[in-house]
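Below: one structure, written as C-alpha cells.
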Amino acid sequence: MEALRQSFSSSVRARDNAGNWSPVSTLSATTPLPDPIDKTPPATPSLVQASLYGDGSRELQVNWAPSTDNATVQTALLYQVFVNGVLDNSSIGVPQTSVYGVAGENVITVIAIETAGNKSAAGTFTLVIPF
C-alpha cells in the first residue's frame with residue numbers, strides 16, 4: 001500500500017433571501033505523509049466474531065476488538081475483512097462490518113492496516129452456514 005499525500009479543496013458561497021451572493025470562501029486540506037520510519041504493524045484484531053443476521057440470507061455481521069498502533073490513531077486504521085481468502089469488505093476506524101458467506105464453512109479474516117502501510121497479523125473466526 002503506497003501512502004501518498006493528497007490535497008483537497010472546496011469552494012462555497014451563500015445566497016440570502018434577497019438573492020445577494022456572498023464572496024467565495026475556499027477551504028483546503030492536505031493529508032500528512034506517514035512516518036517513513038514506522039515499521040511497526042498494528043496489533044492483531046482480536047475477539048473476531050461473526051453471526052448470521054437471521055433473515056434467511058447469508059449476510060453476516062462481523063465484529064472485533066479494535067487494533068492499536070504506535071503511530072496511527074484507532075479511528076484511522078483500515079480494516080480489511082476477508083471471507084474464505086477473498087476480500088469482501090473494508091472499514092475505517094470502526095471494528096465491525098457486514099459480509100456475505102457461503103453455505104458450509106466460512107473463515108472470516110480481519111487485518112488492520114495503518115497509514116504507513118504496515119499490516120497486522122490476521123484475526124480469524126470460523127462460522128458454518130447450514131446448506
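Just so we're on the same page: first chain in the C-alpha cells is A, next is B, and so on; residues restart at 1 for each chain, and ligands are numbered from 1 in the order they show up.
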TODO: For Thr40 (chain A), work out the shell of residues within 9 Å, counting only C-alpha atoms and skipping chain neighbours fewer than 3 positions away, then give it as a ChimeraX atom specification.
DONE: /A:37,69-71,118-120
TODO: Would you please work out which residue, of A:Val12, A:Val102, A:Leu60, A:Ala76, is nearest to Ser28 (chain A) when using only C-alpha atoms?
DONE: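 The closest residue to Ser28 (chain A) is A:Val12.
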- [ ] Write out as a ChimeraX atom specification all residues of region 57-98 of chain A that backbone DSSP assigns to strand (DSSP E).
- [x] /A:59-65,78-83,86-92,96-98
Selected residues, N, CA and C atoms, written as a PDB file, in the first residue's frame, please.
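part.pdb was written with the following content:
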ATOM      1  N   GLU A  59     -25.937 -13.163   4.795  1.00  0.00           N
ATOM      2  CA  GLU A  59     -25.220 -11.963   5.216  1.00  0.00           C
ATOM      3  C   GLU A  59     -24.826 -12.109   6.683  1.00  0.00           C
ATOM      4  N   LEU A  60     -23.575 -11.736   6.975  1.00  0.00           N
ATOM      5  CA  LEU A  60     -23.033 -11.884   8.316  1.00  0.00           C
ATOM      6  C   LEU A  60     -22.659 -10.531   8.899  1.00  0.00           C
ATOM      7  N   GLN A  61     -22.874 -10.369  10.182  1.00  0.00           N
ATOM      8  CA  GLN A  61     -22.365  -9.217  10.920  1.00  0.00           C
ATOM      9  C   GLN A  61     -21.046  -9.666  11.536  1.00  0.00           C
ATOM     10  N   VAL A  62     -19.965  -8.928  11.268  1.00  0.00           N
ATOM     11  CA  VAL A  62     -18.647  -9.269  11.804  1.00  0.00           C
ATOM     12  C   VAL A  62     -18.222  -8.154  12.760  1.00  0.00           C
ATOM     13  N   ASN A  63     -17.776  -8.548  13.943  1.00  0.00           N
ATOM     14  CA  ASN A  63     -17.304  -7.611  14.964  1.00  0.00           C
ATOM     15  C   ASN A  63     -15.952  -8.085  15.478  1.00  0.00           C
ATOM     16  N   TRP A  64     -15.136  -7.157  15.964  1.00  0.00           N
ATOM     17  CA  TRP A  64     -13.849  -7.496  16.549  1.00  0.00           C
ATOM     18  C   TRP A  64     -13.433  -6.383  17.507  1.00  0.00           C
ATOM     19  N   ALA A  65     -12.462  -6.682  18.349  1.00  0.00           N
ATOM     20  CA  ALA A  65     -11.909  -5.656  19.230  1.00  0.00           C
ATOM     21  C   ALA A  65     -10.971  -4.788  18.397  1.00  0.00           C
ATOM     22  N   LEU A  78      -7.352   1.131   8.831  1.00  0.00           N
ATOM     23  CA  LEU A  78      -8.155   0.477   7.803  1.00  0.00           C
ATOM     24  C   LEU A  78      -8.229  -1.002   8.150  1.00  0.00           C
ATOM     25  N   TYR A  79      -9.445  -1.523   8.211  1.00  0.00           N
ATOM     26  CA  TYR A  79      -9.641  -2.949   8.436  1.00  0.00           C
ATOM     27  C   TYR A  79     -10.119  -3.572   7.133  1.00  0.00           C
ATOM     28  N   GLN A  80      -9.478  -4.656   6.752  1.00  0.00           N
ATOM     29  CA  GLN A  80      -9.933  -5.420   5.591  1.00  0.00           C
ATOM     30  C   GLN A  80     -10.474  -6.753   6.105  1.00  0.00           C
ATOM     31  N   VAL A  81     -11.664  -7.113   5.611  1.00  0.00           N
ATOM     32  CA  VAL A  81     -12.331  -8.330   6.070  1.00  0.00           C
ATOM     33  C   VAL A  81     -12.460  -9.286   4.887  1.00  0.00           C
ATOM     34  N   PHE A  82     -11.928 -10.471   5.063  1.00  0.00           N
ATOM     35  CA  PHE A  82     -11.907 -11.493   4.028  1.00  0.00           C
ATOM     36  C   PHE A  82     -12.828 -12.641   4.425  1.00  0.00           C
ATOM     37  N   VAL A  83     -13.481 -13.235   3.438  1.00  0.00           N
ATOM     38  CA  VAL A  83     -14.265 -14.442   3.646  1.00  0.00           C
ATOM     39  C   VAL A  83     -13.647 -15.515   2.765  1.00  0.00           C
ATOM     40  N   VAL A  86     -11.028 -14.191   0.320  1.00  0.00           N
ATOM     41  CA  VAL A  86     -11.412 -13.177  -0.669  1.00  0.00           C
ATOM     42  C   VAL A  86     -11.838 -11.905   0.065  1.00  0.00           C
ATOM     43  N   LEU A  87     -11.254 -10.767  -0.308  1.00  0.00           N
ATOM     44  CA  LEU A  87     -11.626  -9.500   0.310  1.00  0.00           C
ATOM     45  C   LEU A  87     -13.103  -9.237   0.043  1.00  0.00           C
ATOM     46  N   ASP A  88     -13.875  -9.050   1.118  1.00  0.00           N
ATOM     47  CA  ASP A  88     -15.316  -8.848   0.998  1.00  0.00           C
ATOM     48  C   ASP A  88     -15.733  -7.435   1.368  1.00  0.00           C
ATOM     49  N   ASN A  89     -15.068  -6.837   2.358  1.00  0.00           N
ATOM     50  CA  ASN A  89     -15.466  -5.509   2.796  1.00  0.00           C
ATOM     51  C   ASN A  89     -14.323  -4.853   3.554  1.00  0.00           C
ATOM     52  N   SER A  90     -14.406  -3.552   3.725  1.00  0.00           N
ATOM     53  CA  SER A  90     -13.419  -2.780   4.472  1.00  0.00           C
ATOM     54  C   SER A  90     -14.137  -1.818   5.402  1.00  0.00           C
ATOM     55  N   SER A  91     -13.430  -1.394   6.419  1.00  0.00           N
ATOM     56  CA  SER A  91     -13.973  -0.457   7.391  1.00  0.00           C
ATOM     57  C   SER A  91     -12.830   0.419   7.879  1.00  0.00           C
ATOM     58  N   ILE A  92     -13.068   1.703   8.043  1.00  0.00           N
ATOM     59  CA  ILE A  92     -12.036   2.602   8.550  1.00  0.00           C
ATOM     60  C   ILE A  92     -12.412   3.039   9.952  1.00  0.00           C
ATOM     61  N   GLN A  96     -16.364  -3.184  12.951  1.00  0.00           N
ATOM     62  CA  GLN A  96     -17.498  -4.031  12.555  1.00  0.00           C
ATOM     63  C   GLN A  96     -17.843  -3.748  11.096  1.00  0.00           C
ATOM     64  N   THR A  97     -18.424  -4.737  10.455  1.00  0.00           N
ATOM     65  CA  THR A  97     -18.903  -4.581   9.083  1.00  0.00           C
ATOM     66  C   THR A  97     -19.793  -5.766   8.753  1.00  0.00           C
ATOM     67  N   SER A  98     -20.371  -5.753   7.580  1.00  0.00           N
ATOM     68  CA  SER A  98     -21.177  -6.875   7.086  1.00  0.00           C
ATOM     69  C   SER A  98     -20.468  -7.506   5.903  1.00  0.00           C
TER      70      SER A  98
END
Task: Which of A:Gly117, A:Gly54, A:Gly93, A:Pro66 sits closest to Pro34 (chain A) [using only C-alpha atoms] - done: A:Gly117
